[in-house]
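my_file.cif follows; it contains mmCIF, C-alpha atoms.
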data_start
loop_
_atom_site.label_atom_id
_atom_site.label_comp_id
_atom_site.auth_asym_id
_atom_site.auth_seq_id
_atom_site.Cartn_x
_atom_site.Cartn_y
_atom_site.Cartn_z
CA MET T 20 53.40 -10.79 -35.81
CA ALA T 21 50.99 -11.55 -38.63
CA ARG T 22 53.73 -13.37 -40.50
CA PHE T 23 54.50 -15.46 -37.37
CA GLU T 24 50.85 -16.45 -37.09
CA ARG T 25 50.51 -17.52 -40.65
CA VAL T 26 53.81 -19.36 -41.00
CA TYR T 27 53.45 -21.37 -37.77
CA ARG T 28 50.20 -23.20 -37.14
CA LEU T 29 49.23 -24.97 -33.94
CA ASP T 30 47.05 -27.93 -34.71
CA LEU T 31 45.44 -29.62 -31.70
CA THR T 32 44.14 -33.15 -31.52
CA ASP T 33 40.72 -33.74 -29.98
CA LYS T 34 42.33 -35.02 -26.76
CA GLU T 35 44.75 -32.09 -26.53
CA ARG T 36 41.93 -29.62 -27.06
CA SER T 37 39.82 -31.39 -24.43
CA ASP T 38 42.70 -31.37 -21.92
CA LEU T 39 43.48 -27.72 -22.57
CA MET T 40 39.83 -26.74 -22.13
CA ARG T 41 39.67 -28.63 -18.84
CA ILE T 42 42.82 -26.89 -17.59
CA GLY T 43 41.73 -23.50 -18.90
CA ASN T 44 38.42 -23.71 -17.01
CA SER T 45 39.97 -24.99 -13.79
CA MET T 46 39.60 -23.02 -10.55
CA LYS T 47 42.27 -24.93 -8.62
CA LEU T 48 45.30 -25.26 -10.90
CA PRO T 49 48.13 -22.67 -10.90
CA ALA T 50 47.18 -19.46 -12.74
CA ILE T 51 50.12 -19.66 -15.15
CA ARG T 52 49.06 -23.11 -16.40
CA ILE T 53 45.48 -21.90 -16.90
CA LEU T 54 46.73 -18.85 -18.80
CA ARG T 55 49.03 -20.86 -21.08
CA ALA T 56 46.23 -23.32 -21.85
CA ASN T 57 43.92 -20.48 -22.90
CA VAL T 58 46.69 -18.90 -25.01
CA MET T 59 47.20 -22.12 -26.96
CA LEU T 60 43.46 -22.60 -27.42
CA ALA T 61 43.07 -19.07 -28.75
CA TYR T 62 46.08 -19.40 -31.06
CA ALA T 63 44.82 -22.73 -32.39
CA ASP T 64 41.49 -21.03 -33.14
CA GLU T 65 43.47 -18.67 -35.44
CA LEU T 66 43.07 -15.55 -33.34
CA THR T 67 45.69 -12.90 -34.01
CA VAL T 68 48.26 -11.99 -31.37
CA PRO T 69 46.63 -8.58 -30.72
CA GLU T 70 43.28 -10.32 -30.26
CA ILE T 71 44.83 -12.81 -27.83
CA ARG T 72 46.52 -9.97 -25.95
CA ALA T 73 43.26 -8.10 -25.65
CA ARG T 74 41.21 -11.13 -24.62
CA LEU T 75 43.61 -12.62 -22.08
CA ASN T 76 45.53 -9.48 -21.03
CA VAL T 77 48.96 -10.97 -21.82
CA SER T 78 52.06 -9.71 -23.63
CA ALA T 79 53.02 -10.65 -27.16
CA SER T 80 56.23 -12.30 -25.96
CA MET T 81 54.19 -14.53 -23.66
CA VAL T 82 52.07 -15.66 -26.64
CA HIS T 83 55.16 -16.28 -28.80
CA ASP T 84 57.02 -18.17 -26.06
CA THR T 85 54.04 -20.40 -25.25
CA VAL T 86 53.38 -21.28 -28.89
CA ALA T 87 57.09 -21.88 -29.56
CA LYS T 88 57.28 -24.30 -26.60
CA ALA T 89 54.14 -26.09 -27.79
CA LEU T 90 55.58 -26.52 -31.31
CA LYS T 91 58.95 -27.70 -30.00
CA LEU T 92 58.11 -29.79 -26.92
CA GLY T 93 54.43 -30.59 -27.23
CA VAL T 94 51.22 -29.02 -26.02
CA MET T 95 51.16 -30.48 -22.51
CA LYS T 96 54.85 -29.77 -21.81
CA ALA T 97 54.32 -26.15 -22.85
CA LEU T 98 52.19 -25.69 -19.74
CA ASP T 99 55.25 -26.02 -17.48
CA ASP T 100 58.28 -23.79 -17.02
CA LEU T 101 61.46 -24.69 -18.87
CA PRO T 102 64.50 -25.69 -16.79
CA ARG T 103 66.52 -22.67 -15.80
CA SER T 104 70.10 -22.16 -16.87
CA GLY T 105 73.00 -22.99 -14.60
CA LYS T 106 74.57 -26.23 -13.48
CA PRO T 107 72.65 -27.70 -10.55
CA VAL T 108 74.62 -28.94 -7.57
CA LYS T 109 74.11 -32.67 -7.22
CA ILE T 110 74.22 -34.16 -3.73
CA THR T 111 75.04 -37.83 -3.96
CA PRO T 112 72.83 -40.44 -2.25
CA GLU T 113 75.81 -41.41 -0.07
CA ALA T 114 76.16 -37.80 1.09
CA ARG T 115 72.47 -37.67 1.96
CA GLU T 116 72.76 -40.86 4.02
CA TRP T 117 75.79 -39.46 5.84
CA LEU T 118 73.89 -36.27 6.66
CA VAL T 119 70.92 -38.24 7.98
CA SER T 120 73.23 -40.44 10.09
CA VAL T 121 74.80 -37.34 11.63
CA ALA T 122 71.33 -35.96 12.37
CA CYS T 123 70.47 -39.20 14.18
CA THR T 124 73.28 -38.66 16.69
CA LYS T 125 73.55 -36.01 19.39
CA PRO T 126 75.62 -32.86 18.73
CA ALA T 127 77.54 -33.47 21.97
CA GLN T 128 79.23 -36.46 20.31
CA PHE T 129 80.87 -34.02 17.88
CA GLY T 130 81.98 -31.59 20.58
CA TYR T 131 79.07 -29.16 20.46
CA PRO T 132 77.38 -27.88 23.64
CA HIS T 133 73.92 -28.30 22.10
CA GLU T 134 71.56 -31.08 23.12
CA LEU T 135 69.64 -31.08 19.85
CA TRP T 136 70.55 -30.27 16.27
CA THR T 137 69.23 -27.20 14.54
CA GLU T 138 69.15 -27.06 10.76
CA ARG T 139 71.64 -24.22 10.81
CA LEU T 140 74.06 -26.06 13.12
CA LEU T 141 73.72 -29.24 11.06
CA SER T 142 74.39 -27.41 7.77
CA GLU T 143 77.46 -25.70 9.27
CA HIS T 144 78.76 -29.05 10.52
CA ALA T 145 78.19 -30.65 7.10
CA ARG T 146 80.01 -27.88 5.22
CA LYS T 147 82.94 -28.06 7.65
CA HIS T 148 83.39 -31.84 7.77
CA CYS T 149 81.95 -33.11 4.48
CA THR T 150 85.31 -33.25 2.65
CA GLU T 151 87.07 -35.30 5.32
CA ALA T 152 84.02 -37.58 5.44
CA GLY T 153 84.29 -38.15 1.70
CA HIS T 154 81.21 -36.18 0.64
CA PRO T 155 82.39 -32.92 -0.99
CA SER T 156 79.00 -32.43 -2.65
CA LEU T 157 77.81 -31.03 0.70
CA GLY T 158 80.37 -28.24 0.63
CA CYS T 159 77.80 -25.55 -0.15
CA ILE T 160 74.71 -27.07 1.45
CA ALA T 161 72.22 -24.58 2.90
CA SER T 162 69.88 -24.95 5.85
CA SER T 163 66.90 -25.17 3.50
CA THR T 164 68.46 -28.14 1.70
CA VAL T 165 69.13 -29.83 5.04
CA HIS T 166 65.46 -29.34 5.86
CA LYS T 167 64.37 -30.94 2.59
CA ILE T 168 66.68 -33.95 3.03
CA LEU T 169 65.58 -34.59 6.60
CA ASP T 170 61.92 -33.99 5.81
CA LYS T 171 62.02 -36.55 3.00
CA ARG T 172 63.39 -39.14 5.45
CA ASP T 173 60.95 -38.01 8.18
CA VAL T 174 63.76 -37.16 10.60
CA LYS T 175 63.23 -34.25 13.02
CA PRO T 176 66.34 -34.03 15.24
CA HIS T 177 65.24 -30.65 16.64
CA LYS T 178 62.19 -32.15 18.36
CA ILE T 179 61.69 -34.34 21.42
CA ARG T 180 58.86 -36.83 21.71
CA TYR T 181 58.49 -38.23 25.20
CA TYR T 182 57.72 -41.87 25.92
CA LEU T 183 57.37 -43.92 29.07
CA GLU T 184 59.76 -46.78 29.62
CA ASN T 185 58.05 -49.95 30.84
CA ARG T 186 59.85 -50.63 34.10
CA ASP T 187 57.46 -53.24 35.44
CA PRO T 188 58.26 -56.76 34.15
CA ASP T 189 54.87 -57.95 35.43
CA PHE T 190 52.91 -55.18 33.69
CA GLU T 191 50.66 -57.48 31.65
CA GLY T 192 49.85 -59.70 34.61
CA LYS T 193 49.01 -56.80 36.90
CA MET T 194 46.94 -55.13 34.19
CA ALA T 195 45.00 -58.36 33.68
CA GLN T 196 44.32 -58.50 37.41
CA VAL T 197 42.95 -54.94 37.42
CA LEU T 198 40.84 -55.57 34.32
CA CYS T 199 39.49 -58.74 35.93
CA VAL T 200 38.23 -56.61 38.82
CA TYR T 201 36.47 -54.27 36.40
CA LYS T 202 34.92 -57.24 34.59
CA GLN T 203 33.67 -58.59 37.90
CA VAL T 204 32.14 -55.20 38.74
CA ALA T 205 30.24 -55.29 35.44
CA MET T 206 28.92 -58.73 36.40
CA TYR T 207 28.01 -57.54 39.91
CA ARG T 208 25.79 -54.82 38.42
CA GLU T 209 23.68 -57.58 36.85
CA THR T 210 23.82 -60.28 39.50
CA GLY T 211 24.39 -58.28 42.68
CA MET T 212 27.37 -58.19 45.06
CA PRO T 213 28.64 -61.50 46.44
CA ASP T 214 28.36 -62.18 50.15
CA ASP T 215 32.10 -61.82 50.84
CA VAL T 216 32.49 -58.41 49.11
CA CYS T 217 30.59 -55.27 50.09
CA ALA T 218 32.29 -52.68 47.85
CA VAL T 219 34.83 -52.19 45.05
CA VAL T 220 36.46 -48.77 44.91
CA SER T 221 39.10 -47.07 42.77
CA TYR T 222 41.41 -44.95 44.92
CA ASP T 223 44.03 -42.30 44.24
CA GLU T 224 45.22 -38.89 45.39
CA LYS T 225 45.12 -35.63 43.49
CA PRO T 226 47.93 -33.63 45.10
CA GLY T 227 49.00 -30.06 44.46
CA VAL T 228 45.54 -28.56 43.96
CA GLN T 229 46.42 -24.88 44.12
CA ALA T 230 44.50 -22.32 46.11
CA ILE T 231 44.98 -19.19 44.00
CA GLY T 232 43.39 -15.85 44.78
CA ASN T 233 42.79 -12.72 42.72
CA THR T 234 44.47 -9.40 43.38
CA ALA T 235 41.52 -7.60 41.74
CA PRO T 236 37.88 -8.61 41.27
CA ASP T 237 36.85 -10.50 38.13
CA LEU T 238 34.82 -8.50 35.62
CA PRO T 239 31.71 -10.33 34.33
CA PRO T 240 30.78 -10.51 30.63
CA VAL T 241 29.04 -7.46 29.20
CA PRO T 242 26.81 -8.08 26.14
CA GLY T 243 28.11 -6.21 23.13
CA ARG T 244 31.37 -5.21 24.87
CA HIS T 245 33.11 -8.12 26.59
CA ALA T 246 32.12 -11.66 25.69
CA SER T 247 34.12 -13.38 28.43
CA VAL T 248 35.13 -12.94 32.05
CA SER T 249 37.98 -10.44 32.44
CA ARG T 250 40.64 -11.24 35.02
CA ASP T 251 43.74 -9.46 36.25
CA HIS T 252 47.02 -11.19 35.37
CA GLU T 253 48.36 -10.93 38.92
CA TYR T 254 47.35 -13.52 41.50
CA VAL T 255 48.10 -14.63 45.07
CA ARG T 256 49.13 -18.15 46.10
CA HIS T 257 47.49 -19.46 49.28
CA GLY T 258 49.14 -22.89 49.12
CA THR T 259 48.04 -26.32 47.91
CA VAL T 260 45.77 -29.10 49.13
CA THR T 261 45.34 -32.78 48.27
CA LEU T 262 42.15 -34.63 47.46
CA LEU T 263 42.10 -38.28 48.53
CA ALA T 264 39.21 -39.95 46.73
CA ALA T 265 37.78 -43.46 46.46
CA LEU T 266 35.31 -43.92 43.60
CA ASP T 267 32.67 -46.56 44.22
CA LEU T 268 32.61 -48.56 40.98
CA MET T 269 29.12 -49.89 41.63
CA ASP T 270 27.13 -46.68 42.13
CA GLY T 271 29.57 -43.88 41.15
CA THR T 272 29.65 -42.14 44.52
CA ILE T 273 32.84 -40.54 45.81
CA ASN T 274 34.32 -41.08 49.25
CA GLY T 275 36.78 -38.24 49.66
CA ILE T 276 38.67 -36.09 52.11
CA VAL T 277 40.70 -32.93 51.46
CA ARG T 278 43.93 -32.53 53.41
CA GLU T 279 47.15 -30.58 53.09
CA ARG T 280 49.28 -33.73 52.68
CA HIS T 281 48.88 -37.31 51.45
CA ARG T 282 50.90 -39.46 53.81
CA THR T 283 50.05 -42.86 55.25
CA ALA T 284 48.14 -41.11 58.03
CA GLU T 285 45.77 -39.47 55.57
CA PHE T 286 45.36 -42.73 53.64
CA ILE T 287 44.44 -44.57 56.84
CA GLU T 288 41.95 -41.79 57.58
CA LEU T 289 40.24 -42.49 54.25
CA LEU T 290 40.27 -46.25 54.91
CA ASN T 291 38.51 -45.58 58.21
CA LEU T 292 35.92 -43.57 56.27
CA LEU T 293 35.33 -46.55 53.97
CA ASP T 294 35.21 -48.91 56.94
CA GLU T 295 32.47 -46.84 58.58
CA ARG T 296 30.38 -46.42 55.42
CA TYR T 297 30.16 -50.01 54.21
CA PRO T 298 28.60 -52.99 56.05
CA LYS T 299 30.83 -54.94 58.39
CA GLY T 300 31.79 -58.57 57.91
CA SER T 301 32.81 -58.45 54.23
CA ARG T 302 35.75 -57.17 52.19
CA ILE T 303 36.29 -53.82 50.54
CA ARG T 304 38.32 -54.23 47.36
CA VAL T 305 40.54 -51.23 46.58
CA VAL T 306 42.25 -50.59 43.22
CA LEU T 307 45.22 -48.29 43.85
CA ASP T 308 48.74 -47.45 42.69
CA ASN T 309 52.15 -48.21 44.18
CA HIS T 310 52.62 -45.02 46.19
CA SER T 311 54.87 -45.49 49.23
CA ALA T 312 52.00 -44.52 51.54
CA HIS T 313 50.11 -47.59 50.33
CA THR T 314 52.84 -50.07 51.30
CA SER T 315 54.39 -48.53 54.43
CA ALA T 316 55.02 -50.32 57.70
CA GLU T 317 52.51 -48.05 59.42
CA LEU T 318 49.83 -49.15 56.95
CA ARG T 319 50.68 -52.84 57.34
CA GLU T 320 50.30 -52.49 61.11
CA TYR T 321 46.90 -50.87 60.59
CA LEU T 322 45.76 -53.66 58.25
CA LEU T 323 46.65 -56.27 60.86
CA GLN T 324 43.94 -54.70 63.00
CA LYS T 325 41.48 -54.91 60.08
CA THR T 326 41.94 -58.54 59.12
CA ASP T 327 40.05 -59.53 55.93
CA ARG T 328 38.50 -56.06 55.70
CA PHE T 329 40.55 -54.55 52.86
CA GLU T 330 41.86 -56.21 49.71
CA PHE T 331 44.34 -54.18 47.63
CA ILE T 332 44.72 -54.62 43.86
CA PHE T 333 47.76 -52.64 42.70
CA THR T 334 48.05 -51.15 39.23
CA PRO T 335 51.38 -51.72 37.42
CA LYS T 336 54.17 -49.21 37.81
CA HIS T 337 53.55 -46.20 35.54
CA GLY T 338 50.09 -47.62 34.87
CA SER T 339 47.98 -45.07 36.70
CA TRP T 340 45.82 -44.75 33.55
CA LEU T 341 44.34 -48.13 34.54
CA ASN T 342 42.79 -46.53 37.61
CA ILE T 343 39.23 -45.40 36.84
CA VAL T 344 39.29 -42.65 39.46
CA GLU T 345 41.71 -40.78 37.16
CA SER T 346 38.74 -40.21 34.83
CA PHE T 347 36.90 -38.53 37.69
CA PHE T 348 39.94 -36.33 38.41
CA GLY T 349 40.06 -35.33 34.75
CA LYS T 350 36.37 -34.42 34.76
CA MET T 351 36.87 -32.44 37.94
CA ALA T 352 39.85 -30.52 36.49
CA ASN T 353 37.92 -29.60 33.34
CA THR T 354 34.83 -28.39 35.20
CA MET T 355 35.03 -27.30 38.83
CA LEU T 356 38.78 -26.62 39.07
CA ARG T 357 39.01 -24.82 35.73
CA GLY T 358 39.87 -21.16 36.34
CA ILE T 359 38.84 -21.29 39.99
CA ARG T 360 39.90 -18.47 42.35
CA VAL T 361 39.52 -18.49 46.14
CA LYS T 362 40.28 -16.15 49.02
CA SER T 363 41.94 -18.74 51.25
CA LYS T 364 43.03 -22.35 51.42
CA GLN T 365 40.03 -23.13 53.61
CA GLU T 366 37.69 -21.84 50.91
CA ARG T 367 39.39 -24.14 48.42
CA ILE T 368 38.78 -27.11 50.73
CA GLU T 369 35.14 -26.17 51.25
CA ARG T 370 34.45 -25.79 47.53
CA ILE T 371 35.99 -29.19 46.76
CA GLU T 372 33.87 -30.78 49.48
CA LYS T 373 30.79 -29.05 48.06
CA PHE T 374 31.64 -30.44 44.61
CA LEU T 375 31.90 -33.97 46.02
CA ALA T 376 28.48 -33.52 47.60
CA MET T 377 27.03 -32.43 44.24
CA VAL T 378 28.54 -35.50 42.53
CA ASN T 379 27.14 -37.82 45.18
CA ALA T 380 23.69 -36.24 44.84
CA GLU T 381 23.55 -37.41 41.20
CA PRO T 382 26.38 -39.95 40.81
CA VAL T 383 27.54 -41.21 37.42
CA VAL T 384 28.84 -44.76 37.07
CA PHE T 385 32.23 -44.95 35.32
CA ARG T 386 32.52 -48.01 33.07
CA TRP T 387 35.81 -49.43 31.85
CA LYS T 388 35.89 -50.57 28.19
CA TYR T 389 39.53 -50.94 27.10
CA ARG T 390 40.32 -54.65 26.47
CA ILE T 391 37.55 -55.65 28.85
CA ASP T 392 36.22 -58.24 26.40
CA GLU T 393 39.57 -60.07 26.52
CA VAL T 394 39.20 -60.78 30.22
CA THR T 395 37.73 -64.05 31.40
CA VAL T 396 36.49 -64.26 34.98
#

Turn this file's structure into structure tokens for me.
Amino acid sequence: MARFERVYRLDLTDKERSDLMRIGNSMKLPAIRILRANVMLAYADELTVPEIRARLNVSASMVHDTVAKALKLGVMKALDDLPRSGKPVKITPEAREWLVSVACTKPAQFGYPHELWTERLLSEHARKHCTEAGHPSLGCIASSTVHKILDKRDVKPHKIRYYLENRDPDFEGKMAQVLCVYKQVAMYRETGMPDDVCAVVSYDEKPGVQAIGNTAPDLPPVPGRHASVSRDHEYVRHGTVTLLAALDLMDGTINGIVRERHRTAEFIELLNLLDERYPKGSRIRVVLDNHSAHTSAELREYLLQKTDRFEFIFTPKHGSWLNIVESFFGKMANTMLRGIRVKSKQERIERIEKFLAMVNAEPVVFRWKYRIDEVTV
């Protein structure tokens, strides 16, 4: 060992020494790079191999291999591992493109019963059909290699991301009409309501509100033992109810009724509620969606009896997010409805009505902001 040290010297430039010291003192780089940097620094400082072994707790072969790589390849290259033996399998760029193109089609087109590709199924298909497709380099491809190829191209054929097809050709025009109403409401808050309009409301239904009951009593939190409410997994279904709600965009109050269904009859019942609440002789503007109960023959007959009382502004198809009352429903779901348990359907109705009374006691005005500055009234 002593002869090796004296015959072979490792002379470092100022930059190499500075780089090795920075790497050797690093707390984030891989441990093997830090160790090799410190070995070369110690060897360049003419420490003997036993001294290096004792200081850095390494083997003599590790010292010899690191110094030999530094003398042959350079100091910085000695920090990395040498290429391993064996002939690597090279997958041609054309084969990679073919694999990606197969991943971008459905397995059913190749006779498989699957709806989506898995990496295992795709690798099996590639190994089976690569030769006839003219890409024999894929003959031994593994699932892990398939994953790397697809990940590099950002293709994930095993996942589904849902989107909503725009099926309303007049979407932009209808959206502009709804946003114009919201812009007018913002102006009304400053100037007051015009003589021909007495209210502007946002209406929708929240169907399927479940009335679920416990099979065993809830256990309250116990300091030091149970931090949260404990609840039995079993439950009882008492049915569902529907909340029909009209949010007043001027003052934030809610006009709502809770019924078991949401047909035209229930919608007319809510319209009668609005008709009784607001002053006669002026219009009530209602922003609502395209539910069949809002356009039925029964409703049209009712509106003929209420001439110039109601004005409907319909949101585009699949554009319920434009209806402000949806924000109220979301707030309600995250607060009052969250984890609620009742003993009967009637209790569910009463608790929803009590919540509406609490909201109306201290109403909060919902303000629309999305693209509102683009609207000109």

Please indicate the distance in Å from CA of Gly43 (chain T) to CA of Asn57 (chain T), rounded to one decimal place.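 So the answer is 5.5 Å.
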
List the residues matched by the PyMOL selection byres ((chain T and resi 283-288) around 8) in the displayed structure as a list in words, ordered by chain and then by residue number.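 The output of the PyMOL selection byres ((chain T and resi 283-288) around 8) on this file is Leu263, Arg278, Arg280, His281, Arg282, Leu289, Leu290, Asn291, Leu292, Ala312, His313, Ser315, Glu317, Leu318 and Tyr321 of chain T.
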
Would you mind reading off the distance between CA of Ile276 (chain T) and CA of Glu372 (chain T), one decimal, in Å?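 So the two atoms, CA of Ile276 (chain T) and CA of Glu372 (chain T), lie 7.6 Å apart.
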
Please provide the set of residues having any atom within 10 Å of His337 (chain T), restricted to all atoms listed in the file, with same-chain residues fewer than 3 positions apart removed, written as a PDB file with C-alpha atoms, in the frame of the given file.
ATOM      1  CA  LEU T 183      57.370 -43.920  29.070  1.00  0.00           C
ATOM      2  CA  GLU T 184      59.760 -46.780  29.620  1.00  0.00           C
ATOM      3  CA  ASN T 185      58.050 -49.950  30.840  1.00  0.00           C
ATOM      4  CA  ARG T 186      59.850 -50.630  34.100  1.00  0.00           C
ATOM      5  CA  ASP T 187      57.460 -53.240  35.440  1.00  0.00           C
ATOM      6  CA  PHE T 190      52.910 -55.180  33.690  1.00  0.00           C
ATOM      7  CA  ASP T 308      48.740 -47.450  42.690  1.00  0.00           C
ATOM      8  CA  ASN T 309      52.150 -48.210  44.180  1.00  0.00           C
ATOM      9  CA  THR T 334      48.050 -51.150  39.230  1.00  0.00           C
ATOM     10  CA  TRP T 340      45.820 -44.750  33.550  1.00  0.00           C
ATOM     11  CA  LEU T 341      44.340 -48.130  34.540  1.00  0.00           C
TER      12      LEU T 341
END

Taking (53.6, -12.1, -29.6) in the file's coordinates, which residues come within 12 Å, counting all atoms listed in the file, written as a list of chain:residue names? T:Met20, T:Ala21, T:Arg22, T:Phe23, T:Glu24, T:Val58, T:Tyr62, T:Leu66, T:Thr67, T:Val68, T:Pro69, T:Glu70, T:Ile71, T:Arg72, T:Ala73, T:Val77, T:Ser78, T:Ala79, T:Ser80, T:Met81, T:Val82, T:His83, T:Asp84, T:Thr85, T:Val86, T:Ala87

Coordinates-based distance that separates CA of Leu101 (chain T) from CA of Arg52 (chain T) (Å, one decimal): 12.7 Å

Using the chain letters and numbering of this document, enumerate as an mmCIF file with C-alpha atoms, in the frame of the given file the residues selected by the PyMOL selection byres ((chain T and resi 267) around 12).
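expr26.cif, freshly written:
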data_model
loop_
_atom_site.group_PDB
_atom_site.id
_atom_site.type_symbol
_atom_site.label_atom_id
_atom_site.label_comp_id
_atom_site.auth_asym_id
_atom_site.auth_seq_id
_atom_site.Cartn_x
_atom_site.Cartn_y
_atom_site.Cartn_z
ATOM 1 C CA TYR T 201 36.470 -54.270 36.400
ATOM 2 C CA VAL T 204 32.140 -55.200 38.740
ATOM 3 C CA CYS T 217 30.590 -55.270 50.090
ATOM 4 C CA ALA T 218 32.290 -52.680 47.850
ATOM 5 C CA VAL T 219 34.830 -52.190 45.050
ATOM 6 C CA VAL T 220 36.460 -48.770 44.910
ATOM 7 C CA SER T 221 39.100 -47.070 42.770
ATOM 8 C CA TYR T 222 41.410 -44.950 44.920
ATOM 9 C CA ALA T 264 39.210 -39.950 46.730
ATOM 10 C CA ALA T 265 37.780 -43.460 46.460
ATOM 11 C CA LEU T 266 35.310 -43.920 43.600
ATOM 12 C CA LEU T 268 32.610 -48.560 40.980
ATOM 13 C CA MET T 269 29.120 -49.890 41.630
ATOM 14 C CA ASP T 270 27.130 -46.680 42.130
ATOM 15 C CA GLY T 271 29.570 -43.880 41.150
ATOM 16 C CA THR T 272 29.650 -42.140 44.520
ATOM 17 C CA ILE T 273 32.840 -40.540 45.810
ATOM 18 C CA ASN T 274 34.320 -41.080 49.250
ATOM 19 C CA GLY T 275 36.780 -38.240 49.660
ATOM 20 C CA LEU T 293 35.330 -46.550 53.970
ATOM 21 C CA ARG T 296 30.380 -46.420 55.420
ATOM 22 C CA TYR T 297 30.160 -50.010 54.210
ATOM 23 C CA ILE T 303 36.290 -53.820 50.540
ATOM 24 C CA ARG T 304 38.320 -54.230 47.360
ATOM 25 C CA VAL T 305 40.540 -51.230 46.580
ATOM 26 C CA VAL T 306 42.250 -50.590 43.220
ATOM 27 C CA ILE T 343 39.230 -45.400 36.840
ATOM 28 C CA VAL T 344 39.290 -42.650 39.460
ATOM 29 C CA PHE T 347 36.900 -38.530 37.690
ATOM 30 C CA VAL T 378 28.540 -35.500 42.530
ATOM 31 C CA ASN T 379 27.140 -37.820 45.180
ATOM 32 C CA PRO T 382 26.380 -39.950 40.810
ATOM 33 C CA VAL T 383 27.540 -41.210 37.420
ATOM 34 C CA VAL T 384 28.840 -44.760 37.070
ATOM 35 C CA PHE T 385 32.230 -44.950 35.320
ATOM 36 C CA ARG T 386 32.520 -48.010 33.070
#

The PyMOL selection byres ((chain T and resi 225-238) around 7) - which residues does that actually catch in the file I just gave you? List them as a short mmCIF file (atom, residue, chain, number, x, y, z; two decimals) with C-alpha atoms, in the coordinates of the input.
data_model
loop_
_atom_site.label_atom_id
_atom_site.label_comp_id
_atom_site.auth_asym_id
_atom_site.auth_seq_id
_atom_site.Cartn_x
_atom_site.Cartn_y
_atom_site.Cartn_z
CA ASP T 223 44.03 -42.30 44.24
CA GLU T 224 45.22 -38.89 45.39
CA PRO T 239 31.71 -10.33 34.33
CA PRO T 240 30.78 -10.51 30.63
CA VAL T 248 35.13 -12.94 32.05
CA SER T 249 37.98 -10.44 32.44
CA ARG T 250 40.64 -11.24 35.02
CA ASP T 251 43.74 -9.46 36.25
CA GLU T 253 48.36 -10.93 38.92
CA TYR T 254 47.35 -13.52 41.50
CA VAL T 255 48.10 -14.63 45.07
CA ARG T 256 49.13 -18.15 46.10
CA HIS T 257 47.49 -19.46 49.28
CA GLY T 258 49.14 -22.89 49.12
CA THR T 259 48.04 -26.32 47.91
CA VAL T 260 45.77 -29.10 49.13
CA THR T 261 45.34 -32.78 48.27
CA LEU T 262 42.15 -34.63 47.46
CA LEU T 263 42.10 -38.28 48.53
CA ARG T 360 39.90 -18.47 42.35
CA VAL T 361 39.52 -18.49 46.14
CA LYS T 362 40.28 -16.15 49.02
CA SER T 363 41.94 -18.74 51.25
CA LYS T 364 43.03 -22.35 51.42
CA ARG T 367 39.39 -24.14 48.42
#

List the spatial neighbours of region 109-112 of chain T as a count of residues only - criterion: any atom at most 7 Å away, only C-alpha atoms, same-chain residues fewer than 2 positions off excluded. 6

Lys125 (chain T) surroundings by all atoms listed in the file, 9 Å radius, close-in-sequence under 4 positions cut, as a PDB file with C-alpha atoms, keeping the file's coordinate frame:
ATOM      1  CA  VAL T 121      74.800 -37.340  11.630  1.00  0.00           C
ATOM      2  CA  PHE T 129      80.870 -34.020  17.880  1.00  0.00           C
ATOM      3  CA  TYR T 131      79.070 -29.160  20.460  1.00  0.00           C
ATOM      4  CA  HIS T 133      73.920 -28.300  22.100  1.00  0.00           C
ATOM      5  CA  GLU T 134      71.560 -31.080  23.120  1.00  0.00           C
ATOM      6  CA  LEU T 135      69.640 -31.080  19.850  1.00  0.00           C
ATOM      7  CA  TRP T 136      70.550 -30.270  16.270  1.00  0.00           C
ATOM      8  CA  PRO T 176      66.340 -34.030  15.240  1.00  0.00           C
TER       9      PRO T 176
END

Excluding Ala195 (chain T) and its own-chain neighbours fewer than 5 positions away, which residues fall within 12 Å of it when counting all atoms listed in the file? Please give them as a count of residues only. 19

Do you know which residues are at most 12 Å from Met95 (chain T) counting only C-alpha atoms, after dropping those on the same chain fewer than 6 positions away, and could you put them as a PyMOL selection string? chain T and resi 31-32+34-40+42+52-53+55-56+59+85-86+88-89

Can you work out which one of T:Ser301, T:Gln196, T:Asp100, T:His245 has the shortest atom-to-atom distance to Pro213 (chain T), counting only C-alpha atoms?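 Closest to Pro213 (chain T), using only C-alpha atoms: T:Ser301.
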
Restricting the calculation to only C-alpha atoms, which member of T:Trp117, T:Tyr181, T:Trp387, T:Phe374 is positioned closest to Ala145 (chain T)? T:Trp117

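Candidate residues T:Lys171, T:Ala63, T:Pro126, T:Ser142 were compared for distance to Cys159 (chain T), and the nearest is T:Ser142, using all atoms listed in the file.
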